[in-house]
Each structure stands twice: as structure tokens, then as C-alpha cells.
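*Asks:* The structure file entry.txt (compact mmCIF, N, CA and C atoms) is provided below.
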# COMPACT_ATOMS: atom_id res chain seq x y z
N LEU A 21 -92.71 188.08 -167.02
CA LEU A 21 -91.42 188.01 -166.35
C LEU A 21 -90.57 189.24 -166.64
N GLY A 22 -90.66 189.72 -167.84
CA GLY A 22 -89.95 190.94 -168.21
C GLY A 22 -88.51 190.97 -167.79
N ASP A 23 -88.11 192.09 -167.25
CA ASP A 23 -86.71 192.30 -166.90
C ASP A 23 -86.23 191.42 -165.75
N ILE A 24 -87.07 191.16 -164.76
CA ILE A 24 -86.63 190.37 -163.60
C ILE A 24 -86.39 188.92 -163.98
N GLY A 25 -87.32 188.29 -164.65
CA GLY A 25 -87.22 186.88 -164.99
C GLY A 25 -86.06 186.55 -165.91
N ALA A 26 -85.76 187.45 -166.82
CA ALA A 26 -84.65 187.21 -167.75
C ALA A 26 -83.34 187.02 -167.00
N HIS A 27 -83.12 187.78 -165.94
CA HIS A 27 -81.86 187.69 -165.20
C HIS A 27 -81.73 186.37 -164.45
N ILE A 28 -82.82 185.88 -163.86
CA ILE A 28 -82.69 184.63 -163.12
C ILE A 28 -82.55 183.43 -164.05
N ILE A 29 -83.17 183.52 -165.22
CA ILE A 29 -82.99 182.44 -166.20
C ILE A 29 -81.56 182.43 -166.72
N ASP A 30 -81.03 183.58 -167.08
CA ASP A 30 -79.64 183.67 -167.55
C ASP A 30 -78.67 183.14 -166.50
N THR A 31 -78.90 183.52 -165.25
CA THR A 31 -78.03 183.08 -164.16
C THR A 31 -78.06 181.57 -164.00
N ALA A 32 -79.25 180.99 -164.01
CA ALA A 32 -79.38 179.53 -163.87
C ALA A 32 -78.69 178.80 -165.02
N GLU A 33 -78.86 179.29 -166.24
CA GLU A 33 -78.23 178.65 -167.38
C GLU A 33 -76.71 178.79 -167.33
N PHE A 34 -76.21 179.94 -166.88
CA PHE A 34 -74.77 180.14 -166.79
C PHE A 34 -74.15 179.22 -165.75
N ILE A 35 -74.78 179.15 -164.57
CA ILE A 35 -74.22 178.34 -163.48
C ILE A 35 -74.25 176.85 -163.81
N THR A 36 -75.34 176.37 -164.38
CA THR A 36 -75.47 174.94 -164.64
C THR A 36 -74.84 174.52 -165.96
N GLY A 37 -74.67 175.46 -166.87
CA GLY A 37 -74.17 175.12 -168.21
C GLY A 37 -75.22 174.43 -169.06
N GLN A 38 -76.48 174.50 -168.64
CA GLN A 38 -77.58 173.86 -169.36
C GLN A 38 -78.60 174.89 -169.78
N ARG A 39 -79.39 174.54 -170.78
CA ARG A 39 -80.45 175.42 -171.27
C ARG A 39 -81.77 175.07 -170.61
N LEU A 40 -82.60 176.07 -170.41
CA LEU A 40 -83.96 175.85 -169.94
C LEU A 40 -84.78 175.45 -171.15
N VAL A 41 -85.34 174.24 -171.13
CA VAL A 41 -85.99 173.71 -172.34
C VAL A 41 -87.51 173.60 -172.22
N GLY A 42 -88.06 173.83 -171.03
CA GLY A 42 -89.51 173.77 -170.88
C GLY A 42 -89.92 174.41 -169.58
N VAL A 43 -91.07 175.09 -169.58
CA VAL A 43 -91.55 175.75 -168.37
C VAL A 43 -93.06 175.61 -168.21
N SER A 44 -93.51 175.76 -166.98
CA SER A 44 -94.91 175.90 -166.65
C SER A 44 -94.97 177.03 -165.63
N ALA A 45 -95.86 178.01 -165.86
CA ALA A 45 -95.81 179.21 -165.02
C ALA A 45 -97.18 179.75 -164.69
N VAL A 46 -97.19 180.61 -163.67
CA VAL A 46 -98.37 181.38 -163.32
C VAL A 46 -97.89 182.79 -163.00
N THR A 47 -98.64 183.79 -163.44
CA THR A 47 -98.30 185.18 -163.18
C THR A 47 -99.50 185.90 -162.59
N GLU A 48 -99.24 187.02 -161.94
CA GLU A 48 -100.33 187.80 -161.37
C GLU A 48 -99.95 189.28 -161.33
N THR A 49 -100.94 190.10 -161.59
CA THR A 49 -100.82 191.55 -161.41
C THR A 49 -101.72 191.90 -160.24
N PHE A 50 -101.12 192.25 -159.11
CA PHE A 50 -101.89 192.55 -157.90
C PHE A 50 -102.47 193.96 -157.94
N VAL A 51 -101.69 194.89 -158.44
CA VAL A 51 -102.13 196.28 -158.55
C VAL A 51 -102.66 196.46 -159.96
N LYS A 52 -103.97 196.59 -160.08
CA LYS A 52 -104.62 196.61 -161.40
C LYS A 52 -104.55 197.97 -162.09
N GLU A 53 -104.46 199.06 -161.32
CA GLU A 53 -104.31 200.38 -161.93
C GLU A 53 -103.49 201.27 -161.01
N ARG A 54 -102.88 202.30 -161.61
CA ARG A 54 -102.04 203.23 -160.84
C ARG A 54 -102.18 204.62 -161.42
N PRO A 55 -101.73 205.62 -160.66
CA PRO A 55 -101.78 206.98 -161.19
C PRO A 55 -100.93 207.10 -162.46
N LEU A 56 -101.43 207.84 -163.42
CA LEU A 56 -100.68 208.09 -164.64
C LEU A 56 -99.69 209.22 -164.41
N ALA A 57 -98.55 209.14 -165.06
CA ALA A 57 -97.54 210.18 -164.94
C ALA A 57 -97.94 211.39 -165.79
N ALA A 58 -97.75 212.57 -165.21
CA ALA A 58 -98.01 213.80 -165.96
C ALA A 58 -96.82 214.11 -166.86
N SER A 59 -95.62 213.74 -166.40
CA SER A 59 -94.39 213.94 -167.16
C SER A 59 -93.37 212.92 -166.68
N SER A 60 -92.39 212.63 -167.52
CA SER A 60 -91.33 211.72 -167.10
C SER A 60 -90.03 212.12 -167.77
N SER A 61 -88.95 211.83 -167.07
CA SER A 61 -87.61 212.09 -167.57
C SER A 61 -86.67 211.07 -166.95
N GLY A 62 -86.11 210.21 -167.75
CA GLY A 62 -85.22 209.18 -167.23
C GLY A 62 -85.97 208.22 -166.34
N LEU A 63 -85.50 208.08 -165.10
CA LEU A 63 -86.13 207.16 -164.14
C LEU A 63 -87.12 207.87 -163.22
N SER A 64 -87.34 209.16 -163.42
CA SER A 64 -88.28 209.87 -162.55
C SER A 64 -89.50 210.33 -163.34
N ALA A 65 -90.60 210.48 -162.63
CA ALA A 65 -91.84 210.92 -163.26
C ALA A 65 -92.61 211.79 -162.28
N GLY A 66 -93.39 212.69 -162.81
CA GLY A 66 -94.26 213.53 -162.00
C GLY A 66 -95.67 212.98 -162.04
N GLY A 67 -96.34 212.93 -160.90
CA GLY A 67 -97.67 212.35 -160.81
C GLY A 67 -98.74 213.23 -161.46
N GLY A 68 -99.67 212.57 -162.14
CA GLY A 68 -100.80 213.26 -162.75
C GLY A 68 -102.06 213.00 -161.94
N THR A 69 -103.18 213.37 -162.51
CA THR A 69 -104.45 213.20 -161.79
C THR A 69 -105.22 211.97 -162.24
N GLY A 70 -104.97 211.47 -163.44
CA GLY A 70 -105.70 210.31 -163.94
C GLY A 70 -105.11 209.00 -163.48
N ARG A 71 -105.85 207.92 -163.73
CA ARG A 71 -105.40 206.57 -163.42
C ARG A 71 -105.46 205.73 -164.69
N GLY A 72 -104.60 204.73 -164.77
CA GLY A 72 -104.59 203.86 -165.94
C GLY A 72 -104.30 202.43 -165.56
N PRO A 73 -104.56 201.49 -166.49
CA PRO A 73 -104.33 200.07 -166.19
C PRO A 73 -102.85 199.73 -166.12
N VAL A 74 -102.53 198.76 -165.28
CA VAL A 74 -101.17 198.24 -165.17
C VAL A 74 -101.03 197.10 -166.17
N THR A 75 -99.98 197.14 -166.96
CA THR A 75 -99.82 196.15 -168.03
C THR A 75 -98.60 195.25 -167.82
N VAL A 76 -98.05 195.22 -166.61
CA VAL A 76 -96.92 194.34 -166.31
C VAL A 76 -97.27 193.44 -165.13
N ASP A 77 -96.62 192.29 -165.04
CA ASP A 77 -96.84 191.35 -163.95
C ASP A 77 -96.15 191.83 -162.68
N ASP A 78 -96.81 191.64 -161.54
CA ASP A 78 -96.19 191.92 -160.25
C ASP A 78 -95.45 190.70 -159.72
N ALA A 79 -95.86 189.51 -160.12
CA ALA A 79 -95.22 188.30 -159.64
C ALA A 79 -95.34 187.19 -160.68
N ALA A 80 -94.31 186.37 -160.74
CA ALA A 80 -94.31 185.20 -161.62
C ALA A 80 -93.64 184.05 -160.89
N LEU A 81 -94.28 182.90 -160.92
CA LEU A 81 -93.72 181.67 -160.36
C LEU A 81 -93.68 180.65 -161.49
N PHE A 82 -92.54 179.99 -161.67
CA PHE A 82 -92.50 178.98 -162.72
C PHE A 82 -91.49 177.90 -162.41
N ILE A 83 -91.77 176.73 -162.94
CA ILE A 83 -90.85 175.60 -162.85
C ILE A 83 -90.38 175.28 -164.25
N GLY A 84 -89.22 174.70 -164.35
CA GLY A 84 -88.69 174.38 -165.66
C GLY A 84 -87.84 173.13 -165.64
N ARG A 85 -87.58 172.64 -166.82
CA ARG A 85 -86.69 171.49 -166.99
C ARG A 85 -85.45 171.97 -167.73
N LEU A 86 -84.30 171.55 -167.22
CA LEU A 86 -83.02 171.88 -167.86
C LEU A 86 -82.67 170.82 -168.89
N SER A 87 -81.82 171.19 -169.83
CA SER A 87 -81.47 170.28 -170.93
C SER A 87 -80.83 168.99 -170.45
N GLY A 88 -80.20 168.98 -169.28
CA GLY A 88 -79.60 167.76 -168.74
C GLY A 88 -80.56 166.92 -167.91
N GLY A 89 -81.83 167.37 -167.80
CA GLY A 89 -82.84 166.61 -167.07
C GLY A 89 -83.15 167.14 -165.69
N GLY A 90 -82.37 168.08 -165.20
CA GLY A 90 -82.63 168.66 -163.88
C GLY A 90 -83.87 169.54 -163.88
N LEU A 91 -84.42 169.75 -162.69
CA LEU A 91 -85.58 170.62 -162.53
C LEU A 91 -85.13 171.93 -161.89
N ALA A 92 -85.83 173.00 -162.24
CA ALA A 92 -85.52 174.33 -161.70
C ALA A 92 -86.81 175.01 -161.28
N SER A 93 -86.75 175.75 -160.20
CA SER A 93 -87.91 176.55 -159.79
C SER A 93 -87.47 178.01 -159.68
N PHE A 94 -88.36 178.90 -160.09
CA PHE A 94 -88.05 180.33 -160.16
C PHE A 94 -89.20 181.13 -159.56
N GLU A 95 -88.85 182.23 -158.92
CA GLU A 95 -89.84 183.19 -158.45
C GLU A 95 -89.30 184.58 -158.74
N ALA A 96 -90.13 185.42 -159.32
CA ALA A 96 -89.76 186.80 -159.58
C ALA A 96 -90.92 187.68 -159.14
N THR A 97 -90.62 188.67 -158.30
CA THR A 97 -91.69 189.54 -157.82
C THR A 97 -91.15 190.90 -157.43
N ARG A 98 -91.99 191.88 -157.55
CA ARG A 98 -91.69 193.22 -157.07
C ARG A 98 -92.33 193.44 -155.70
N PHE A 99 -92.97 192.43 -155.15
CA PHE A 99 -93.69 192.55 -153.89
C PHE A 99 -92.98 191.91 -152.71
N ALA A 100 -91.71 191.61 -152.84
CA ALA A 100 -90.95 191.02 -151.74
C ALA A 100 -90.35 192.15 -150.90
N THR A 101 -91.19 192.77 -150.09
CA THR A 101 -90.73 193.91 -149.29
C THR A 101 -89.62 193.50 -148.35
N GLY A 102 -88.72 194.42 -148.10
CA GLY A 102 -87.58 194.16 -147.23
C GLY A 102 -86.33 193.78 -147.99
N HIS A 103 -86.47 193.40 -149.24
CA HIS A 103 -85.30 193.07 -150.06
C HIS A 103 -84.82 194.32 -150.78
N LYS A 104 -83.50 194.43 -150.93
CA LYS A 104 -82.92 195.57 -151.63
C LYS A 104 -82.85 195.29 -153.13
N ASN A 105 -82.19 194.22 -153.49
CA ASN A 105 -82.05 193.82 -154.90
C ASN A 105 -81.76 192.32 -154.91
N ALA A 106 -82.69 191.56 -154.40
CA ALA A 106 -82.45 190.13 -154.19
C ALA A 106 -82.43 189.35 -155.50
N LEU A 107 -81.46 188.52 -155.62
CA LEU A 107 -81.41 187.50 -156.66
C LEU A 107 -80.67 186.34 -156.00
N ARG A 108 -81.42 185.36 -155.57
CA ARG A 108 -80.86 184.23 -154.83
C ARG A 108 -80.86 183.01 -155.73
N VAL A 109 -79.75 182.29 -155.72
CA VAL A 109 -79.60 181.10 -156.55
C VAL A 109 -79.12 179.96 -155.67
N GLU A 110 -79.77 178.81 -155.80
CA GLU A 110 -79.31 177.59 -155.15
C GLU A 110 -79.21 176.50 -156.19
N VAL A 111 -78.16 175.74 -156.11
CA VAL A 111 -77.99 174.57 -156.97
C VAL A 111 -77.79 173.39 -156.03
N ASN A 112 -78.66 172.39 -156.13
CA ASN A 112 -78.61 171.23 -155.26
C ASN A 112 -78.45 169.97 -156.11
N GLY A 113 -77.50 169.14 -155.72
CA GLY A 113 -77.27 167.90 -156.46
C GLY A 113 -76.89 166.78 -155.52
N SER A 114 -76.62 165.62 -156.08
CA SER A 114 -76.31 164.45 -155.27
C SER A 114 -74.96 164.55 -154.56
N LEU A 115 -74.04 165.39 -155.07
CA LEU A 115 -72.72 165.51 -154.46
C LEU A 115 -72.56 166.75 -153.58
N GLY A 116 -73.47 167.70 -153.72
CA GLY A 116 -73.34 168.91 -152.92
C GLY A 116 -74.34 169.98 -153.30
N SER A 117 -74.24 171.11 -152.62
CA SER A 117 -75.14 172.23 -152.85
C SER A 117 -74.38 173.54 -152.75
N LEU A 118 -74.82 174.52 -153.55
CA LEU A 118 -74.27 175.87 -153.51
C LEU A 118 -75.43 176.84 -153.32
N SER A 119 -75.17 177.94 -152.63
CA SER A 119 -76.18 178.97 -152.43
C SER A 119 -75.50 180.33 -152.53
N PHE A 120 -76.12 181.25 -153.30
CA PHE A 120 -75.59 182.59 -153.47
C PHE A 120 -76.74 183.58 -153.46
N ASP A 121 -76.55 184.70 -152.78
CA ASP A 121 -77.56 185.75 -152.72
C ASP A 121 -76.90 187.06 -153.14
N PHE A 122 -77.47 187.73 -154.14
CA PHE A 122 -76.92 188.96 -154.68
C PHE A 122 -76.82 190.06 -153.62
N GLU A 123 -77.63 190.00 -152.57
CA GLU A 123 -77.57 191.00 -151.51
C GLU A 123 -76.36 190.79 -150.59
N ALA A 124 -75.68 189.67 -150.69
CA ALA A 124 -74.45 189.39 -149.94
C ALA A 124 -73.43 188.87 -150.94
N MET A 125 -72.99 189.76 -151.84
CA MET A 125 -72.20 189.35 -153.00
C MET A 125 -70.84 188.74 -152.68
N ASN A 126 -70.32 188.94 -151.47
CA ASN A 126 -69.02 188.40 -151.14
C ASN A 126 -69.11 187.06 -150.43
N GLU A 127 -70.28 186.45 -150.46
CA GLU A 127 -70.48 185.18 -149.77
C GLU A 127 -71.01 184.11 -150.72
N LEU A 128 -70.43 182.95 -150.62
CA LEU A 128 -70.92 181.77 -151.31
C LEU A 128 -71.05 180.70 -150.25
N TRP A 129 -72.19 180.04 -150.20
CA TRP A 129 -72.43 179.00 -149.22
C TRP A 129 -72.35 177.64 -149.91
N PHE A 130 -71.65 176.71 -149.29
CA PHE A 130 -71.35 175.42 -149.92
C PHE A 130 -71.59 174.29 -148.92
N HIS A 131 -72.15 173.20 -149.42
CA HIS A 131 -72.29 171.99 -148.62
C HIS A 131 -71.83 170.81 -149.47
N ASP A 132 -70.90 170.04 -148.94
CA ASP A 132 -70.37 168.87 -149.62
C ASP A 132 -71.07 167.64 -149.04
N HIS A 133 -71.96 167.03 -149.83
CA HIS A 133 -72.69 165.85 -149.36
C HIS A 133 -71.79 164.63 -149.17
N THR A 134 -70.63 164.61 -149.81
CA THR A 134 -69.76 163.44 -149.74
C THR A 134 -69.03 163.33 -148.41
N ILE A 135 -68.98 164.42 -147.64
CA ILE A 135 -68.29 164.39 -146.35
C ILE A 135 -69.07 163.56 -145.33
N GLY A 136 -70.38 163.52 -145.49
CA GLY A 136 -71.22 162.72 -144.59
C GLY A 136 -71.43 163.40 -143.25
N SER A 137 -71.37 162.63 -142.19
CA SER A 137 -71.71 163.15 -140.87
C SER A 137 -70.63 164.04 -140.27
N ALA A 138 -69.45 164.11 -140.89
CA ALA A 138 -68.38 164.95 -140.36
C ALA A 138 -68.73 166.43 -140.44
N GLU A 139 -69.62 166.82 -141.35
CA GLU A 139 -70.01 168.22 -141.49
C GLU A 139 -71.51 168.31 -141.70
N HIS A 140 -72.15 169.19 -140.97
CA HIS A 140 -73.58 169.35 -141.10
C HIS A 140 -73.88 170.76 -141.58
N GLY A 141 -74.71 170.89 -142.56
CA GLY A 141 -75.13 172.20 -143.04
C GLY A 141 -74.14 172.86 -143.99
N PHE A 142 -74.49 174.07 -144.36
CA PHE A 142 -73.68 174.85 -145.29
C PHE A 142 -72.53 175.53 -144.56
N ARG A 143 -71.44 175.79 -145.29
CA ARG A 143 -70.36 176.60 -144.75
C ARG A 143 -70.12 177.76 -145.71
N ARG A 144 -69.75 178.86 -145.16
CA ARG A 144 -69.54 180.09 -145.92
C ARG A 144 -68.15 180.08 -146.54
N VAL A 145 -68.08 180.36 -147.83
CA VAL A 145 -66.82 180.46 -148.56
C VAL A 145 -66.63 181.91 -148.96
N GLN A 146 -65.50 182.50 -148.64
CA GLN A 146 -65.26 183.90 -149.01
C GLN A 146 -64.16 184.00 -150.02
Please re-express this file's structure in C-alpha cells.
*Replies:*
Amino acid sequence: LGDIGAHIIDTAEFITGQRLVGVSAVTETFVKERPLAASSSGLSAGGGTGRGPVTVDDAALFIGRLSGGGLASFEATRFATGHKNALRVEVNGSLGSLSFDFEAMNELWFHDHTIGSAEHGFRRVQ
């Protein structure tokens, strides 16, 4: 999970106020080897001629249990092409649901289940 997974776990714990107390996961490295860098400085590197093994996961899927008994599902991947810097969070409960996507930081989507048939679907809160 490395750097990507840590952020979604922290976000889930912050929003719910609960700790992640158990997980079951699967990970995969799709790209098994890549060109080795001839040199690097900061976030940039120059390509070399050799190849070496990849030692980080490309994708991780996991489910977890929160300390209050709720269930959580997580996905972290570097292979979701078309996304800029996606971190999407949804919280669903018996009284309502919230949805937030880091790529649209000024939007929060909310659905109040207690309203019943007077309102259908999510509404955008700014």
C-alpha cells in the first residue's frame, strides 16, 4: 500500500472517528521490471540501459472492519488512467450518505435518507 494506502486509511479514520481494526487484502505488481535510472535528482531521473525488478505494488484492494463495527472497502492503484490525483471517499449509513472526491475539492455530495421520497439521489453541497 505504501504511500497511497496510508492516505486513504487516515482519511477514513478521520471522517468516521473510528480506527481500522482488521483487514483482508490482495496486492499485485503488474509491471515486473522497468528500466533502471542512470542518475536521479529529486523527483527526476535519467534513463539507463539496464532493467531491474519492481519492488512496489501497482494495486491493492482491501476490506476492513472499523472499531465501531462498520465495514470499509479500499482500493489504491497507480493504474487508474484518466485520474489526476483521485482520492474518493464515501460514507454510507442508515441516516444518510456523503461522497467526496479530491479531484473536485469544492464539492461535497450528500443524501439524507430520512427525507424519504421527497428527495431522490445525492445533492451537491458547496
*Asks:* Determine which residues of range 80-139 of chain A receive a DSSP assignment of helix (DSSP H, G or I), computed from the backbone, and state them as a VMD selection string.
*Replies:* chain A and resid 122 to 124 133 to 138
*Asks:* What gap, in Å, lies between atom N of Asn112 in chain A and CA of Ala92 in chain A?
*Replies:*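 Between atom N of Asn112 in chain A and CA of Ala92 in chain A the gap is 9.0 Å.
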*Asks:* Atom C of Asp132 in chain A to CA of Gly116 in chain A: how many Å, to one decimal?
*Replies:*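 So the two atoms, atom C of Asp132 in chain A and CA of Gly116 in chain A, lie 4.7 Å apart.
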*Asks:* Can you work out which one of A:Gln38, A:Ser119, A:Gln146, A:Thr49 has the shortest atom-to-atom distance to Ala79 in chain A, counting only N, CA and C atoms?
*Replies:* A:Thr49
*Asks:* Considering only C-alpha atoms, return as a PyMOL selection string whatever protein or nucleic-acid residues lie within 7 Å of Leu86 in chain A, sequence-local ones (same chain, fewer than 6 positions apart) excluded.
*Replies:* chain A and resi 38-41
*Asks:* Please return, as a tab-separated table (two decimals) with N, CA and C atoms, in the frame of the given file, all residues of chain A that DSSP assigns to strand (DSSP E or B) on the basis of the backbone.
*Replies:*
chain	number	residue	atom	x	y	z
A	40	LEU	N	-82.60	176.07	-170.41
A	40	LEU	CA	-83.96	175.85	-169.94
A	40	LEU	C	-84.78	175.45	-171.15
A	41	VAL	N	-85.34	174.24	-171.13
A	41	VAL	CA	-85.99	173.71	-172.34
A	41	VAL	C	-87.51	173.60	-172.22
A	42	GLY	N	-88.06	173.83	-171.03
A	42	GLY	CA	-89.51	173.77	-170.88
A	42	GLY	C	-89.92	174.41	-169.58
A	43	VAL	N	-91.07	175.09	-169.58
A	43	VAL	CA	-91.55	175.75	-168.37
A	43	VAL	C	-93.06	175.61	-168.21
A	44	SER	N	-93.51	175.76	-166.98
A	44	SER	CA	-94.91	175.90	-166.65
A	44	SER	C	-94.97	177.03	-165.63
A	45	ALA	N	-95.86	178.01	-165.86
A	45	ALA	CA	-95.81	179.21	-165.02
A	45	ALA	C	-97.18	179.75	-164.69
A	46	VAL	N	-97.19	180.61	-163.67
A	46	VAL	CA	-98.37	181.38	-163.32
A	46	VAL	C	-97.89	182.79	-163.00
A	47	THR	N	-98.64	183.79	-163.44
A	47	THR	CA	-98.30	185.18	-163.18
A	47	THR	C	-99.50	185.90	-162.59
A	48	GLU	N	-99.24	187.02	-161.94
A	48	GLU	CA	-100.33	187.80	-161.37
A	48	GLU	C	-99.95	189.28	-161.33
A	53	GLU	N	-104.46	199.06	-161.32
A	53	GLU	CA	-104.31	200.38	-161.93
A	53	GLU	C	-103.49	201.27	-161.01
A	54	ARG	N	-102.88	202.30	-161.61
A	54	ARG	CA	-102.04	203.23	-160.84
A	54	ARG	C	-102.18	204.62	-161.42
A	55	PRO	N	-101.73	205.62	-160.66
A	55	PRO	CA	-101.78	206.98	-161.19
A	55	PRO	C	-100.93	207.10	-162.46
A	56	LEU	N	-101.43	207.84	-163.42
A	56	LEU	CA	-100.68	208.09	-164.64
A	56	LEU	C	-99.69	209.22	-164.41
A	57	ALA	N	-98.55	209.14	-165.06
A	57	ALA	CA	-97.54	210.18	-164.94
A	57	ALA	C	-97.94	211.39	-165.79
A	58	ALA	N	-97.75	212.57	-165.21
A	58	ALA	CA	-98.01	213.80	-165.96
A	58	ALA	C	-96.82	214.11	-166.86
A	59	SER	N	-95.62	213.74	-166.40
A	59	SER	CA	-94.39	213.94	-167.16
A	59	SER	C	-93.37	212.92	-166.68
A	60	SER	N	-92.39	212.63	-167.52
A	60	SER	CA	-91.33	211.72	-167.10
A	60	SER	C	-90.03	212.12	-167.77
A	61	SER	N	-88.95	211.83	-167.07
A	61	SER	CA	-87.61	212.09	-167.57
A	61	SER	C	-86.67	211.07	-166.95
A	64	SER	N	-87.34	209.16	-163.42
A	64	SER	CA	-88.28	209.87	-162.55
A	64	SER	C	-89.50	210.33	-163.34
A	65	ALA	N	-90.60	210.48	-162.63
A	65	ALA	CA	-91.84	210.92	-163.26
A	65	ALA	C	-92.61	211.79	-162.28
A	66	GLY	N	-93.39	212.69	-162.81
A	66	GLY	CA	-94.26	213.53	-162.00
A	66	GLY	C	-95.67	212.98	-162.04
A	67	GLY	N	-96.34	212.93	-160.90
A	67	GLY	CA	-97.67	212.35	-160.81
A	67	GLY	C	-98.74	213.23	-161.46
A	68	GLY	N	-99.67	212.57	-162.14
A	68	GLY	CA	-100.80	213.26	-162.75
A	68	GLY	C	-102.06	213.00	-161.94
A	69	THR	N	-103.18	213.37	-162.51
A	69	THR	CA	-104.45	213.20	-161.79
A	69	THR	C	-105.22	211.97	-162.24
A	70	GLY	N	-104.97	211.47	-163.44
A	70	GLY	CA	-105.70	210.31	-163.94
A	70	GLY	C	-105.11	209.00	-163.48
A	71	ARG	N	-105.85	207.92	-163.73
A	71	ARG	CA	-105.40	206.57	-163.42
A	71	ARG	C	-105.46	205.73	-164.69
A	72	GLY	N	-104.60	204.73	-164.77
A	72	GLY	CA	-104.59	203.86	-165.94
A	72	GLY	C	-104.30	202.43	-165.56
A	73	PRO	N	-104.56	201.49	-166.49
A	73	PRO	CA	-104.33	200.07	-166.19
A	73	PRO	C	-102.85	199.73	-166.12
A	79	ALA	N	-95.86	189.51	-160.12
A	79	ALA	CA	-95.22	188.30	-159.64
A	79	ALA	C	-95.34	187.19	-160.68
A	80	ALA	N	-94.31	186.37	-160.74
A	80	ALA	CA	-94.31	185.20	-161.62
A	80	ALA	C	-93.64	184.05	-160.89
A	81	LEU	N	-94.28	182.90	-160.92
A	81	LEU	CA	-93.72	181.67	-160.36
A	81	LEU	C	-93.68	180.65	-161.49
A	82	PHE	N	-92.54	179.99	-161.67
A	82	PHE	CA	-92.50	178.98	-162.72
A	82	PHE	C	-91.49	177.90	-162.41
A	83	ILE	N	-91.77	176.73	-162.94
A	83	ILE	CA	-90.85	175.60	-162.85
A	83	ILE	C	-90.38	175.28	-164.25
A	84	GLY	N	-89.22	174.70	-164.35
A	84	GLY	CA	-88.69	174.38	-165.66
A	84	GLY	C	-87.84	173.13	-165.64
A	85	ARG	N	-87.58	172.64	-166.82
A	85	ARG	CA	-86.69	171.49	-166.99
A	85	ARG	C	-85.45	171.97	-167.73
A	86	LEU	N	-84.30	171.55	-167.22
A	86	LEU	CA	-83.02	171.88	-167.86
A	86	LEU	C	-82.67	170.82	-168.89
A	91	LEU	N	-84.42	169.75	-162.69
A	91	LEU	CA	-85.58	170.62	-162.53
A	91	LEU	C	-85.13	171.93	-161.89
A	92	ALA	N	-85.83	173.00	-162.24
A	92	ALA	CA	-85.52	174.33	-161.70
A	92	ALA	C	-86.81	175.01	-161.28
A	93	SER	N	-86.75	175.75	-160.20
A	93	SER	CA	-87.91	176.55	-159.79
A	93	SER	C	-87.47	178.01	-159.68
A	94	PHE	N	-88.36	178.90	-160.09
A	94	PHE	CA	-88.05	180.33	-160.16
A	94	PHE	C	-89.20	181.13	-159.56
A	95	GLU	N	-88.85	182.23	-158.92
A	95	GLU	CA	-89.84	183.19	-158.45
A	95	GLU	C	-89.30	184.58	-158.74
A	96	ALA	N	-90.13	185.42	-159.32
A	96	ALA	CA	-89.76	186.80	-159.58
A	96	ALA	C	-90.92	187.68	-159.14
A	97	THR	N	-90.62	188.67	-158.30
A	97	THR	CA	-91.69	189.54	-157.82
A	97	THR	C	-91.15	190.90	-157.43
A	108	ARG	N	-81.42	185.36	-155.57
A	108	ARG	CA	-80.86	184.23	-154.83
A	108	ARG	C	-80.86	183.01	-155.73
A	109	VAL	N	-79.75	182.29	-155.72
A	109	VAL	CA	-79.60	181.10	-156.55
A	109	VAL	C	-79.12	179.96	-155.67
A	110	GLU	N	-79.77	178.81	-155.80
A	110	GLU	CA	-79.31	177.59	-155.15
A	110	GLU	C	-79.21	176.50	-156.19
A	111	VAL	N	-78.16	175.74	-156.11
A	111	VAL	CA	-77.99	174.57	-156.97
A	111	VAL	C	-77.79	173.39	-156.03
A	112	ASN	N	-78.66	172.39	-156.13
A	112	ASN	CA	-78.61	171.23	-155.26
A	112	ASN	C	-78.45	169.97	-156.11
A	116	GLY	N	-73.47	167.70	-153.72
A	116	GLY	CA	-73.34	168.91	-152.92
A	116	GLY	C	-74.34	169.98	-153.30
A	117	SER	N	-74.24	171.11	-152.62
A	117	SER	CA	-75.14	172.23	-152.85
A	117	SER	C	-74.38	173.54	-152.75
A	118	LEU	N	-74.82	174.52	-153.55
A	118	LEU	CA	-74.27	175.87	-153.51
A	118	LEU	C	-75.43	176.84	-153.32
A	119	SER	N	-75.17	177.94	-152.63
A	119	SER	CA	-76.18	178.97	-152.43
A	119	SER	C	-75.50	180.33	-152.53
A	120	PHE	N	-76.12	181.25	-153.30
A	120	PHE	CA	-75.59	182.59	-153.47
A	120	PHE	C	-76.74	183.58	-153.46
A	121	ASP	N	-76.55	184.70	-152.78
A	121	ASP	CA	-77.56	185.75	-152.72
A	121	ASP	C	-76.90	187.06	-153.14
A	128	LEU	N	-70.43	182.95	-150.62
A	128	LEU	CA	-70.92	181.77	-151.31
A	128	LEU	C	-71.05	180.70	-150.25
A	129	TRP	N	-72.19	180.04	-150.20
A	129	TRP	CA	-72.43	179.00	-149.22
A	129	TRP	C	-72.35	177.64	-149.91
A	130	PHE	N	-71.65	176.71	-149.29
A	130	PHE	CA	-71.35	175.42	-149.92
A	130	PHE	C	-71.59	174.29	-148.92
A	131	HIS	N	-72.15	173.20	-149.42
A	131	HIS	CA	-72.29	171.99	-148.62
A	131	HIS	C	-71.83	170.81	-149.47
A	132	ASP	N	-70.90	170.04	-148.94
A	132	ASP	CA	-70.37	168.87	-149.62
A	132	ASP	C	-71.07	167.64	-149.04
A	143	ARG	N	-71.44	175.79	-145.29
A	143	ARG	CA	-70.36	176.60	-144.75
A	143	ARG	C	-70.12	177.76	-145.71
A	144	ARG	N	-69.75	178.86	-145.16
A	144	ARG	CA	-69.54	180.09	-145.92
A	144	ARG	C	-68.15	180.08	-146.54
A	145	VAL	N	-68.08	180.36	-147.83
A	145	VAL	CA	-66.82	180.46	-148.56
A	145	VAL	C	-66.63	181.91	-148.96
*Asks:* Which residues are close to range 54-57 of chain A, i.e. within 6 Å by only N, CA and C atoms, leaving aside same-chain residues fewer than 6 positions away? Reply as a ChimeraX atom specification.
*Replies:* /A:65-74
*Asks:* Just want the 9 Å neighbourhood of range 94-110 of chain A, counted on only C-alpha atoms, with same-chain residues fewer than 2 positions away dropped. Output as a ChimeraX atom specification.
*Replies:* /A:21,24-25,27-29,31-32,77-84,92,112,117-123
*Asks:* Which is closer to Asn126 in chain A than all the others in A:Val145, A:Ile35, A:Gly88, A:Ala45, using only N, CA and C atoms?
*Replies:* A:Val145
*Asks:* One number please: atom N of Val46 in chain A to atom N of Val111 in chain A, in Å, one decimal.
*Replies:* 21.0 Å
*Asks:* Measuring between only C-alpha atoms, which one of A:Ala124, A:Asp30, A:Ser87, A:Glu53 shows the shortest distance to Thr75 in chain A?
*Replies:*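 Under the stated criterion, the closest residue is A:Glu53.
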